[in-house]
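Structure data (compact mmCIF, C-alpha atoms and all ligand atoms) from protein.txt:
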# COMPACT_ATOMS: atom_id res chain seq x y z
CA MET V 234 50.44 -33.10 17.05
CA GLU V 235 50.08 -35.26 20.18
CA ILE V 236 47.11 -36.96 18.63
CA ILE V 237 49.18 -38.51 15.82
CA SER V 238 52.38 -39.14 17.78
CA LYS V 239 52.20 -42.92 17.14
CA GLU V 240 51.76 -42.36 13.40
CA MET V 241 54.58 -39.83 13.36
CA GLU V 242 56.90 -42.40 14.94
CA LYS V 243 55.93 -44.94 12.29
CA PHE V 244 56.42 -42.28 9.65
CA GLU V 245 59.99 -41.63 10.87
CA ARG V 246 60.77 -45.33 10.49
CA THR V 247 59.21 -45.49 7.03
CA LEU V 248 61.19 -42.44 6.01
CA ILE V 249 64.55 -43.89 7.06
CA GLU V 250 63.69 -47.29 5.53
CA SER V 251 62.86 -45.58 2.26
CA THR V 252 66.49 -44.54 1.89
CA GLU V 253 67.85 -48.08 2.11
CA SER V 254 69.78 -48.45 -1.09
CA GLY V 255 72.83 -50.61 -0.56
CA VAL V 256 74.99 -47.55 -1.13
CA PRO V 257 76.62 -46.61 2.18
CA PHE V 258 77.19 -42.99 1.19
CA ILE V 259 73.49 -42.50 0.42
CA GLU V 260 72.37 -44.20 3.61
CA ASN V 261 74.77 -42.25 5.82
CA ALA V 262 74.10 -38.91 4.17
CA ALA V 263 70.35 -39.61 4.19
CA ARG V 264 70.41 -40.35 7.90
CA TYR V 265 72.50 -37.25 8.42
CA VAL V 266 69.88 -34.99 6.83
CA LEU V 267 66.77 -36.80 7.95
CA GLU V 268 67.77 -37.39 11.54
CA ALA V 269 68.67 -33.73 11.97
CA GLY V 270 64.97 -33.34 12.53
CA GLY V 271 63.06 -30.68 10.77
CA LYS V 272 59.62 -29.67 11.80
CA ARG V 273 57.81 -32.42 9.86
CA ILE V 274 54.91 -30.08 9.20
CA ARG V 275 54.17 -31.46 5.72
CA PRO V 276 53.99 -35.15 6.67
CA ALA V 277 51.88 -34.22 9.69
CA LEU V 278 49.51 -32.44 7.32
CA VAL V 279 49.13 -35.58 5.20
CA ILE V 280 48.39 -37.74 8.24
CA LEU V 281 46.12 -35.27 10.02
CA SER V 282 44.10 -34.47 6.87
CA SER V 283 43.55 -38.12 6.06
CA ARG V 284 42.58 -38.96 9.64
CA LEU V 285 40.33 -35.93 9.81
CA LEU V 286 38.30 -37.28 6.92
CA GLY V 287 38.15 -40.80 8.26
CA TYR V 288 41.06 -42.65 6.63
CA ARG V 289 42.74 -45.14 8.96
CA GLY V 290 45.09 -47.16 6.75
CA LYS V 291 48.81 -47.21 6.07
CA ARG V 292 48.94 -45.28 2.85
CA SER V 293 49.05 -41.98 4.70
CA LEU V 294 52.46 -43.06 6.05
CA TRP V 295 53.69 -43.71 2.52
CA TYR V 296 52.46 -40.37 1.25
CA ALA V 297 53.80 -38.56 4.31
CA THR V 298 57.13 -40.13 3.35
CA VAL V 299 56.71 -39.09 -0.29
CA ILE V 300 56.07 -35.49 0.70
CA GLU V 301 58.95 -35.32 3.20
CA LEU V 302 61.35 -36.92 0.68
CA ILE V 303 60.37 -34.34 -1.92
CA HIS V 304 60.66 -31.53 0.59
CA THR V 305 64.13 -32.72 1.64
CA ALA V 306 65.14 -33.07 -2.02
CA THR V 307 64.20 -29.47 -2.65
CA LEU V 308 66.21 -28.34 0.38
CA LEU V 309 69.29 -30.26 -0.81
CA HIS V 310 69.01 -28.50 -4.15
CA ASP V 311 68.09 -25.17 -2.60
CA ASP V 312 71.12 -25.14 -0.31
CA VAL V 313 73.34 -25.50 -3.36
CA LEU V 314 71.54 -22.61 -5.10
CA ASP V 315 71.65 -20.44 -1.96
CA ASN V 316 75.17 -21.48 -1.08
CA ALA V 317 73.87 -22.27 2.41
CA LYS V 318 76.31 -23.51 5.02
CA VAL V 319 73.90 -24.64 7.72
CA ARG V 320 70.62 -26.55 7.63
CA ARG V 321 68.55 -27.92 10.48
CA GLY V 322 71.27 -26.82 12.89
CA ARG V 323 74.00 -28.82 11.16
CA PRO V 324 76.51 -28.10 8.41
CA SER V 325 74.58 -28.49 5.15
CA VAL V 326 75.26 -31.50 2.91
CA ASN V 327 76.70 -29.22 0.21
CA SER V 328 79.10 -27.63 2.65
CA LEU V 329 80.21 -31.03 4.01
CA PHE V 330 80.44 -33.10 0.83
CA GLY V 331 80.21 -30.57 -1.99
CA ASN V 332 77.53 -29.43 -4.41
CA GLU V 333 77.45 -32.50 -6.64
CA PRO V 334 76.66 -35.06 -3.92
CA SER V 335 74.04 -32.71 -2.52
CA VAL V 336 72.24 -32.37 -5.87
CA LEU V 337 72.48 -36.11 -6.50
CA LEU V 338 71.22 -37.02 -3.06
CA GLY V 339 68.31 -34.70 -3.79
CA ASP V 340 67.72 -36.59 -7.02
CA PHE V 341 67.80 -39.87 -5.13
CA PHE V 342 65.19 -38.62 -2.64
CA TYR V 343 62.99 -37.32 -5.40
CA SER V 344 63.24 -40.58 -7.35
CA LYS V 345 62.45 -42.59 -4.24
CA ALA V 346 59.33 -40.53 -3.75
CA VAL V 347 58.25 -41.31 -7.31
CA GLU V 348 59.07 -45.00 -6.77
CA ILE V 349 56.86 -45.15 -3.66
CA MET V 350 54.00 -43.53 -5.55
CA GLY V 351 54.50 -45.87 -8.47
CA ARG V 352 54.31 -48.87 -6.15
CA ASP V 353 51.09 -47.54 -4.66
CA GLY V 354 49.81 -46.96 -8.18
CA ASP V 355 47.20 -44.26 -7.67
CA SER V 356 47.25 -42.02 -10.72
CA GLU V 357 45.23 -39.28 -9.02
CA LEU V 358 47.80 -38.96 -6.25
CA ILE V 359 50.66 -39.10 -8.75
CA ARG V 360 48.98 -36.26 -10.59
CA ILE V 361 48.63 -34.16 -7.42
CA VAL V 362 52.23 -34.67 -6.35
CA SER V 363 53.77 -34.21 -9.78
CA ARG V 364 51.82 -31.00 -10.32
CA ALA V 365 53.15 -29.70 -7.03
CA THR V 366 56.76 -30.54 -7.88
CA THR V 367 56.40 -28.85 -11.28
CA GLU V 368 55.10 -25.76 -9.48
CA ILE V 369 58.06 -25.88 -7.07
CA ALA V 370 60.53 -25.98 -9.93
CA LYS V 371 58.70 -23.12 -11.68
CA GLY V 372 58.71 -21.08 -8.47
CA GLU V 373 62.44 -21.61 -7.97
CA ILE V 374 63.18 -20.62 -11.55
CA LEU V 375 61.05 -17.49 -11.25
CA GLU V 376 62.88 -16.67 -8.04
CA ILE V 377 66.35 -17.21 -9.40
CA ILE V 378 65.85 -15.11 -12.52
CA ARG V 379 64.65 -12.21 -10.37
CA THR V 380 67.51 -12.43 -7.89
CA GLY V 381 68.91 -8.98 -7.19
CA ASP V 382 65.94 -7.26 -8.83
CA LEU V 383 64.67 -4.56 -6.48
CA GLY V 384 61.77 -3.96 -8.85
CA LEU V 385 60.12 -7.25 -7.85
CA LYS V 386 56.44 -6.54 -7.28
CA GLU V 387 54.39 -7.87 -4.42
CA GLU V 388 52.22 -9.93 -6.80
CA GLU V 389 55.31 -11.47 -8.35
CA TYR V 390 56.65 -12.35 -4.91
CA PHE V 391 53.34 -14.03 -4.08
CA GLU V 392 53.46 -15.98 -7.32
CA ILE V 393 56.93 -17.24 -6.40
CA ILE V 394 56.10 -18.32 -2.85
CA GLY V 395 52.78 -19.77 -3.97
CA LYS V 396 54.68 -22.11 -6.23
CA LYS V 397 57.85 -22.84 -4.30
CA THR V 398 56.18 -23.40 -0.91
CA ALA V 399 52.38 -23.27 -0.84
CA ALA V 400 51.99 -25.85 -3.63
CA LEU V 401 53.51 -28.66 -1.54
CA PHE V 402 51.53 -27.74 1.59
CA SER V 403 48.41 -27.73 -0.53
CA ALA V 404 49.22 -31.12 -2.07
CA ALA V 405 49.92 -32.59 1.39
CA CYS V 406 46.43 -31.70 2.59
CA GLU V 407 44.67 -32.66 -0.64
CA ILE V 408 46.32 -36.10 -0.50
CA GLY V 409 44.66 -36.62 2.88
CA ALA V 410 41.24 -35.99 1.34
CA VAL V 411 41.95 -38.31 -1.61
CA LEU V 412 43.11 -41.11 0.70
CA ALA V 413 39.85 -40.73 2.60
CA LYS V 414 38.03 -41.00 -0.74
CA LYS V 415 36.26 -37.72 -0.22
CA GLY V 416 34.48 -35.74 -2.90
CA LYS V 417 35.24 -32.40 -4.52
CA LYS V 418 33.96 -30.27 -1.66
CA GLU V 419 36.22 -31.66 1.07
CA ARG V 420 39.12 -31.93 -1.32
CA SER V 421 39.01 -28.30 -2.28
CA LYS V 422 38.62 -27.21 1.34
CA LEU V 423 41.68 -29.17 2.41
CA LYS V 424 43.63 -28.08 -0.63
CA GLU V 425 42.87 -24.46 0.10
CA PHE V 426 43.68 -24.83 3.78
CA GLY V 427 47.11 -26.24 2.88
CA GLU V 428 47.77 -23.55 0.33
CA LYS V 429 46.91 -20.71 2.71
CA ILE V 430 49.06 -21.98 5.52
CA GLY V 431 51.86 -22.61 3.02
CA PHE V 432 51.83 -18.93 2.15
CA ALA V 433 51.83 -18.05 5.85
CA PHE V 434 54.76 -20.41 6.40
CA GLN V 435 56.95 -18.81 3.72
CA LEU V 436 56.03 -15.28 4.80
CA THR V 437 57.08 -16.13 8.36
CA ASP V 438 60.23 -17.78 7.02
CA ASP V 439 61.10 -14.63 5.11
CA ALA V 440 60.58 -12.42 8.17
CA LEU V 441 62.60 -14.79 10.37
CA ASP V 442 65.44 -14.69 7.84
CA TYR V 443 66.01 -11.16 9.17
CA LEU V 444 64.68 -11.40 12.71
CA SER V 445 65.75 -14.74 14.16
CA THR V 446 69.11 -16.03 15.32
CA ASP V 447 71.21 -18.77 13.72
CA LEU V 448 70.72 -20.97 16.74
CA LYS V 449 66.95 -20.73 16.82
CA LEU V 450 66.57 -20.99 13.08
CA GLY V 451 69.01 -23.85 12.53
CA LYS V 452 70.26 -21.97 9.47
CA LYS V 453 72.13 -18.75 8.81
CA VAL V 454 70.13 -15.60 9.39
CA GLY V 455 70.47 -12.95 6.68
CA THR V 456 70.88 -15.41 3.81
CA ASP V 457 68.13 -13.83 1.72
CA LEU V 458 69.77 -10.41 1.72
CA LYS V 459 73.22 -11.87 1.23
CA GLU V 460 71.95 -13.81 -1.78
CA LYS V 461 70.05 -10.68 -2.95
CA LYS V 462 66.71 -12.38 -2.64
CA VAL V 463 63.95 -9.80 -2.50
CA THR V 464 61.21 -10.84 -0.07
CA LEU V 465 58.10 -9.15 1.30
CA PRO V 466 59.71 -7.27 4.23
CA LEU V 467 62.03 -5.58 1.74
CA ILE V 468 59.40 -5.08 -0.98
CA HIS V 469 57.19 -3.28 1.53
CA THR V 470 60.13 -1.19 2.73
CA LEU V 471 61.06 -0.12 -0.79
CA LYS V 472 57.49 0.98 -1.30
CA LYS V 473 57.53 3.11 1.87
CA ALA V 474 61.10 4.36 1.58
CA SER V 475 62.24 7.82 0.47
CA LYS V 476 64.26 8.22 -2.72
CA LYS V 477 67.40 8.54 -0.64
CA GLU V 478 66.65 5.37 1.31
CA ARG V 479 65.93 3.46 -1.87
CA GLU V 480 69.28 4.59 -3.19
CA ILE V 481 71.02 3.29 -0.08
CA ILE V 482 69.48 -0.14 -0.62
CA GLY V 483 70.35 0.07 -4.31
CA GLU V 484 74.00 0.71 -3.46
CA ILE V 485 74.05 -2.27 -1.11
CA PHE V 486 72.60 -4.48 -3.84
CA LYS V 487 75.37 -3.42 -6.23
CA LYS V 488 78.04 -4.83 -3.93
CA ASP V 489 79.66 -8.16 -4.72
CA ARG V 490 79.47 -9.13 -1.10
CA ILE V 491 76.81 -7.92 1.31
CA GLY V 492 78.28 -7.92 4.82
CA SER V 493 76.79 -7.89 8.29
CA ARG V 494 76.90 -4.08 8.60
CA ASP V 495 74.79 -3.80 5.46
CA PHE V 496 72.49 -6.45 6.83
CA LEU V 497 71.92 -4.46 10.02
CA LYS V 498 71.35 -1.29 8.01
CA VAL V 499 68.70 -2.94 5.85
CA LYS V 500 67.12 -4.72 8.81
CA ASP V 501 66.87 -1.42 10.68
CA LEU V 502 65.23 0.28 7.72
CA ILE V 503 62.73 -2.58 7.32
CA GLU V 504 61.95 -2.28 11.01
CA ARG V 505 61.37 1.47 10.73
CA LYS V 506 59.18 1.16 7.66
CA GLY V 507 57.02 -1.52 9.27
CA GLY V 508 58.12 -4.23 6.83
CA PHE V 509 58.15 -7.01 9.41
CA GLU V 510 54.87 -5.92 10.93
CA TYR V 511 53.33 -5.89 7.48
CA THR V 512 54.69 -9.33 6.60
CA TYR V 513 53.29 -10.83 9.80
CA LYS V 514 49.97 -9.11 9.20
CA VAL V 515 49.71 -10.70 5.76
CA ALA V 516 50.79 -14.09 7.16
CA LYS V 517 48.11 -13.83 9.82
CA ARG V 518 45.52 -13.06 7.18
CA PHE V 519 46.51 -16.19 5.28
CA VAL V 520 46.16 -18.29 8.42
CA GLU V 521 42.72 -16.82 9.05
CA GLU V 522 41.69 -17.60 5.49
CA GLY V 523 43.03 -21.12 5.92
CA VAL V 524 41.01 -21.58 9.09
CA LYS V 525 37.96 -20.25 7.29
CA SER V 526 38.30 -22.78 4.49
CA MET V 527 37.87 -25.52 7.10
CA GLU V 528 34.36 -24.33 7.87
CA GLY V 529 31.89 -27.08 7.17
CA ILE V 530 34.35 -29.83 8.07
CA PRO V 531 32.92 -31.54 11.15
CA LYS V 532 34.61 -30.65 14.42
CA SER V 533 36.99 -33.30 15.73
CA PRO V 534 40.29 -33.55 17.58
CA TYR V 535 42.03 -33.86 14.18
CA ARG V 536 40.43 -30.64 12.99
CA GLU V 537 41.51 -28.97 16.23
CA SER V 538 45.02 -30.20 15.72
CA LEU V 539 45.15 -28.88 12.14
CA LEU V 540 43.85 -25.50 13.22
CA ARG V 541 46.39 -25.37 16.04
CA LEU V 542 49.13 -26.26 13.57
CA ALA V 543 47.95 -23.41 11.33
CA LEU V 544 48.19 -20.92 14.18
CA SER V 545 51.58 -22.21 15.27
CA ILE V 546 53.00 -21.36 11.85
CA ILE V 547 52.92 -17.63 12.50
CA GLU V 548 54.18 -18.09 16.04
CA ARG V 549 57.19 -20.13 15.09
CA LYS V 550 60.68 -19.05 15.95
CA ASN V 551 62.51 -21.56 13.79
C1 LIG V 601 63.41 -23.11 0.32
O1 LIG V 601 63.25 -21.74 0.15
C2 LIG V 601 63.25 -23.83 -0.96
C3 LIG V 601 62.12 -24.21 -1.54
C4 LIG V 601 60.82 -23.96 -0.89
C5 LIG V 601 62.07 -24.93 -2.85
C6 LIG V 601 63.40 -25.30 -3.46
C7 LIG V 601 63.22 -26.03 -4.76
C8 LIG V 601 64.19 -26.30 -5.67
C9 LIG V 601 65.59 -25.89 -5.48
C10 LIG V 601 63.80 -27.02 -6.93
C11 LIG V 601 64.14 -28.48 -6.83
C12 LIG V 601 62.99 -29.26 -7.25
C13 LIG V 601 62.77 -30.60 -7.05
C14 LIG V 601 61.49 -31.17 -7.49
C15 LIG V 601 63.74 -31.51 -6.37
P1 LIG V 601 64.15 -20.70 0.93
O2 LIG V 601 65.51 -20.66 0.34
O3 LIG V 601 63.39 -19.44 0.97
O4 LIG V 601 64.16 -21.30 2.39
P2 LIG V 601 65.39 -21.62 3.35
O5 LIG V 601 65.59 -20.34 4.09
O6 LIG V 601 64.90 -22.71 4.25
O7 LIG V 601 66.55 -22.01 2.52
MG MG V 602 67.36 -21.40 0.85

Can I see the file as C-alpha cells?
Ligand code: FPP
Ligand code: MG
Amino acid sequence: MEIISKEMEKFERTLIESTESGVPFIENAARYVLEAGGKRIRPALVILSSRLLGYRGKRSLWYATVIELIHTATLLHDDVLDNAKVRRGRPSVNSLFGNEPSVLLGDFFYSKAVEIMGRDGDSELIRIVSRATTEIAKGEILEIIRTGDLGLKEEEYFEIIGKKTAALFSAACEIGAVLAKKGKKERSKLKEFGEKIGFAFQLTDDALDYLSTDLKLGKKVGTDLKEKKVTLPLIHTLKKASKKEREIIGEIFKKDRIGSRDFLKVKDLIERKGGFEYTYKVAKRFVEEGVKSMEGIPKSPYRESLLRLALSIIERKN
C-alpha cells in the first residue's frame, strides 16, 4: 500500500476528525478504538479502486472514512455479541466500559458514516453502502440463530460470510468505481473483486481463530468454538469425521463452557481431517477468482497494489 501512503495518512486524520462530537467520552473511546490500528484493508480498497480507475479527488477519503466507521461499528457490536475481551491487541470497549457504551459507540460511528454520506449527497453511493449494511445485519442474524448448530451446511456458512464480511469489501471496491464515474463493466469487475477477497478474508479469519496466537491476532484465539460458532474448518471436519468423532464434538457442544482442553481436542481433529487445509484451499480459490475478475482493467501500479493486497489476505497472520 506504499503507493497510497499519503492518502492513508490523510484518511487517518479524516477518520479521527469525524469523531469530534463535543462529548469527551465519545472522543476518548473513539480514539481508543481507532488508534489501536487495525489493518485498514477496507479504506485502502476504496482509495486504491478509485485511483485505479482515474479518480483523484477528496471524496475517496470521505468514503474510506465511511467504510471504516461502519466496519468499526460492526466490531463494537460484534464484540458485545461474542463477549470478546480483546480487540486489536487491546481490551475491547465492552470489556472496559460495558456492553451499553460499546453498542452506543457503535451507533454513533454508524450514524456518523450516514451523516458523511448525507453531506456528500450521492444517492447511488448511499444505496451501495446501505445495501451492504443491511446485508451485514442479515448475515449476523443468520449467524446468531444458527449458533451451536452442528448441522450448519457449507452453503449456509457461505451465505453468512458473504453477507457479514464480503458485502462490505464488495461495496468498498464498487465505491471506487462509482467515484471514478465508470460504467457498468468496471463497476461489476471491482464489485466482484471486493466480494471474492472478502470471502477469502473471512475464511482466513475463521482458520486463524483456531491456528493463530492471541498476540499475533490481537484478539482471543478459540473464540468461535467457545461461542459455539460453526465455521468452515469445523463443517469440513464434521463431514469427514466418523460417527464416534462426531459424537465427541457433539458432547463438547452440549457443555455450558467449552474450555481450552476441548479447544485443543477439536483443533487436533480439524487438523487430522484436513479442515484447515481445506479452508485455505477455498480461500485461495476465492483470491484467484478475485484476481481473474480484474482481467480487462488496464495494468497500473494501483492494479498491482490491489492484486498484492488480495494475495496478502490469505498470507496474513493477524
Ligand atoms: C466480525 O465477525 C463481525 C462482522 C463481520 C459483522 C458484525 C456485524 C454486526 C454485529 C451487526 C451490526 C451492524 C451494523 C450496521 C452496525 P467475527 O466475529 O467472525 O470476527 P472477529 O473474530 O474479528 O470477531
Ligand atoms: Mg467476533

Could you please extract the residues within 9 Å of ligand LIG 601 (chain V), counting all atoms listed in the file, and hand them back as a ChimeraX atom specification?
/V:303-315,317,320-321,336,339-340,342-343,363,365-374,394,396-399,401,435,438-439,441-442,452-454,456-457,462,464

Generate a file of the selected residues that holds C-alpha atoms, formatted as a short mmCIF file (atom, residue, chain, number, x, y, z; two decimals), in the frame of the given file.
data_model
loop_
_atom_site.label_atom_id
_atom_site.label_comp_id
_atom_site.auth_asym_id
_atom_site.auth_seq_id
_atom_site.Cartn_x
_atom_site.Cartn_y
_atom_site.Cartn_z
CA ILE V 303 60.37 -34.34 -1.92
CA HIS V 304 60.66 -31.53 0.59
CA THR V 305 64.13 -32.72 1.64
CA ALA V 306 65.14 -33.07 -2.02
CA THR V 307 64.20 -29.47 -2.65
CA LEU V 308 66.21 -28.34 0.38
CA LEU V 309 69.29 -30.26 -0.81
CA HIS V 310 69.01 -28.50 -4.15
CA ASP V 311 68.09 -25.17 -2.60
CA ASP V 312 71.12 -25.14 -0.31
CA VAL V 313 73.34 -25.50 -3.36
CA LEU V 314 71.54 -22.61 -5.10
CA ASP V 315 71.65 -20.44 -1.96
CA ALA V 317 73.87 -22.27 2.41
CA ARG V 320 70.62 -26.55 7.63
CA ARG V 321 68.55 -27.92 10.48
CA VAL V 336 72.24 -32.37 -5.87
CA GLY V 339 68.31 -34.70 -3.79
CA ASP V 340 67.72 -36.59 -7.02
CA PHE V 342 65.19 -38.62 -2.64
CA TYR V 343 62.99 -37.32 -5.40
CA SER V 363 53.77 -34.21 -9.78
CA ALA V 365 53.15 -29.70 -7.03
CA THR V 366 56.76 -30.54 -7.88
CA THR V 367 56.40 -28.85 -11.28
CA GLU V 368 55.10 -25.76 -9.48
CA ILE V 369 58.06 -25.88 -7.07
CA ALA V 370 60.53 -25.98 -9.93
CA LYS V 371 58.70 -23.12 -11.68
CA GLY V 372 58.71 -21.08 -8.47
CA GLU V 373 62.44 -21.61 -7.97
CA ILE V 374 63.18 -20.62 -11.55
CA ILE V 394 56.10 -18.32 -2.85
CA LYS V 396 54.68 -22.11 -6.23
CA LYS V 397 57.85 -22.84 -4.30
CA THR V 398 56.18 -23.40 -0.91
CA ALA V 399 52.38 -23.27 -0.84
CA LEU V 401 53.51 -28.66 -1.54
CA GLN V 435 56.95 -18.81 3.72
CA ASP V 438 60.23 -17.78 7.02
CA ASP V 439 61.10 -14.63 5.11
CA LEU V 441 62.60 -14.79 10.37
CA ASP V 442 65.44 -14.69 7.84
CA LYS V 452 70.26 -21.97 9.47
CA LYS V 453 72.13 -18.75 8.81
CA VAL V 454 70.13 -15.60 9.39
CA THR V 456 70.88 -15.41 3.81
CA ASP V 457 68.13 -13.83 1.72
CA LYS V 462 66.71 -12.38 -2.64
CA THR V 464 61.21 -10.84 -0.07
#

I'd like the contact shell of Lys239 (chain V) - 12 Å cut-off, all atoms listed in the file, skipping same-chain residues fewer than 5 positions apart - returned as a PyMOL selection string.
chain V and resi 234+244-246+277+280+294

Find the spatial neighbours of Gly270 (chain V), counting only C-alpha atoms, within a cut-off of 12 Å - ignore same-chain residues fewer than 4 positions away - and output them as an MDAnalysis selection string.
chainID V and resid 245 248:249 263:266 274 301 305 320:323 451

Include C-alpha atoms and write out the residues we just selected as a tab-separated table (two decimals), in the frame of the given file.
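Dumped to selection.tsv:
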chain	number	residue	atom	x	y	z
V	245	GLU	CA	59.99	-41.63	10.87
V	248	LEU	CA	61.19	-42.44	6.01
V	249	ILE	CA	64.55	-43.89	7.06
V	263	ALA	CA	70.35	-39.61	4.19
V	264	ARG	CA	70.41	-40.35	7.90
V	265	TYR	CA	72.50	-37.25	8.42
V	266	VAL	CA	69.88	-34.99	6.83
V	274	ILE	CA	54.91	-30.08	9.20
V	301	GLU	CA	58.95	-35.32	3.20
V	305	THR	CA	64.13	-32.72	1.64
V	320	ARG	CA	70.62	-26.55	7.63
V	321	ARG	CA	68.55	-27.92	10.48
V	322	GLY	CA	71.27	-26.82	12.89
V	323	ARG	CA	74.00	-28.82	11.16
V	451	GLY	CA	69.01	-23.85	12.53

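For the pair CA of Ser238 (chain V) and CA of Ala262 (chain V), the interatomic distance is 25.6 Å.
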
For the atom pair CA of Phe341 (chain V) and CA of Arg292 (chain V), what is the interatomic distance in Å to one decimal place?
21.2 Å

List the residues sitting within 10 Å of (35.0, -36.8, 2.6) in the file's frame, using only C-alpha atoms, as a list in words.
Ser283, Leu285, Leu286, Gly287, Tyr288, Gly409, Ala410, Val411, Leu412, Ala413, Lys414, Lys415, Gly416, Lys417, Lys418, Glu419, Arg420 and Ile530 of chain V

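Using all atoms listed in the file, the nearest neighbour of Lys472 (chain V) within the list V:Gly290, V:Ser493, V:Lys386, V:Glu548 is V:Lys386.
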
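When all atoms listed in the file are used to compute distances to ligand MG 602 (chain V), the closest of the residues V:Glu484, V:Glu460, V:Glu537, V:Glu504 turns out to be V:Glu460.
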
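Comparing V:Ser293, V:Thr446, V:Thr380, V:Ser356 by their smallest distance to Lys461 (chain V), the closest is V:Thr380 (using all atoms listed in the file).
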
Between CA of Arg536 (chain V) and CA of Val524 (chain V), measure the distance and give it in Å to one decimal.
9.9 Å

With all heavy atoms as the target, complete region 314-320 of chain V and hand it back as an mmCIF file, in the coordinates of the input.
data_model
loop_
_atom_site.group_PDB
_atom_site.id
_atom_site.type_symbol
_atom_site.label_atom_id
_atom_site.label_comp_id
_atom_site.auth_asym_id
_atom_site.auth_seq_id
_atom_site.Cartn_x
_atom_site.Cartn_y
_atom_site.Cartn_z
ATOM 1 N N LEU V 314 71.856 -23.887 -4.432
ATOM 2 C CA LEU V 314 71.540 -22.610 -5.100
ATOM 3 C C LEU V 314 71.842 -21.416 -4.197
ATOM 4 O O LEU V 314 72.352 -20.400 -4.642
ATOM 5 C CB LEU V 314 70.059 -22.575 -5.500
ATOM 6 C CG LEU V 314 69.602 -23.588 -6.537
ATOM 7 C CD1 LEU V 314 68.092 -23.504 -6.731
ATOM 8 C CD2 LEU V 314 70.300 -23.355 -7.868
ATOM 9 N N ASP V 315 71.485 -21.556 -2.908
ATOM 10 C CA ASP V 315 71.650 -20.440 -1.960
ATOM 11 C C ASP V 315 73.029 -20.426 -1.311
ATOM 12 O O ASP V 315 73.303 -19.570 -0.471
ATOM 13 C CB ASP V 315 70.595 -20.516 -0.844
ATOM 14 C CG ASP V 315 69.198 -20.237 -1.352
ATOM 15 O OD1 ASP V 315 69.069 -19.789 -2.505
ATOM 16 O OD2 ASP V 315 68.233 -20.472 -0.597
ATOM 17 N N ASN V 316 73.839 -21.401 -1.660
ATOM 18 C CA ASN V 316 75.170 -21.480 -1.080
ATOM 19 C C ASN V 316 75.093 -21.513 0.458
ATOM 20 O O ASN V 316 75.897 -20.876 1.153
ATOM 21 C CB ASN V 316 75.959 -20.246 -1.581
ATOM 22 C CG ASN V 316 77.432 -20.419 -1.381
ATOM 23 O OD1 ASN V 316 77.928 -21.527 -1.158
ATOM 24 N ND2 ASN V 316 78.159 -19.318 -1.446
ATOM 25 N N ALA V 317 74.109 -22.250 0.955
ATOM 26 C CA ALA V 317 73.870 -22.270 2.410
ATOM 27 C C ALA V 317 74.859 -23.190 3.118
ATOM 28 O O ALA V 317 75.187 -24.271 2.626
ATOM 29 C CB ALA V 317 72.442 -22.754 2.667
ATOM 30 N N LYS V 318 75.313 -22.732 4.275
ATOM 31 C CA LYS V 318 76.310 -23.510 5.020
ATOM 32 C C LYS V 318 75.685 -24.362 6.124
ATOM 33 O O LYS V 318 76.281 -25.335 6.583
ATOM 34 C CB LYS V 318 77.344 -22.576 5.648
ATOM 35 C CG LYS V 318 78.040 -21.666 4.633
ATOM 36 C CD LYS V 318 79.187 -22.400 3.929
ATOM 37 C CE LYS V 318 79.827 -21.567 2.845
ATOM 38 N NZ LYS V 318 79.343 -21.907 1.486
ATOM 39 N N VAL V 319 74.536 -23.942 6.589
ATOM 40 C CA VAL V 319 73.900 -24.640 7.720
ATOM 41 C C VAL V 319 72.459 -24.966 7.395
ATOM 42 O O VAL V 319 71.762 -24.182 6.752
ATOM 43 C CB VAL V 319 73.917 -23.746 8.996
ATOM 44 C CG1 VAL V 319 73.445 -24.527 10.216
ATOM 45 C CG2 VAL V 319 75.293 -23.151 9.246
ATOM 46 N N ARG V 320 72.017 -26.146 7.810
ATOM 47 C CA ARG V 320 70.620 -26.550 7.630
ATOM 48 C C ARG V 320 70.226 -27.422 8.808
ATOM 49 O O ARG V 320 70.981 -28.315 9.187
ATOM 50 C CB ARG V 320 70.480 -27.283 6.289
ATOM 51 C CG ARG V 320 69.173 -27.966 6.023
ATOM 52 C CD ARG V 320 68.022 -27.016 5.784
ATOM 53 N NE ARG V 320 68.111 -26.269 4.545
ATOM 54 C CZ ARG V 320 67.212 -25.325 4.201
ATOM 55 N NH1 ARG V 320 66.189 -25.049 4.979
ATOM 56 N NH2 ARG V 320 67.367 -24.653 3.072
#
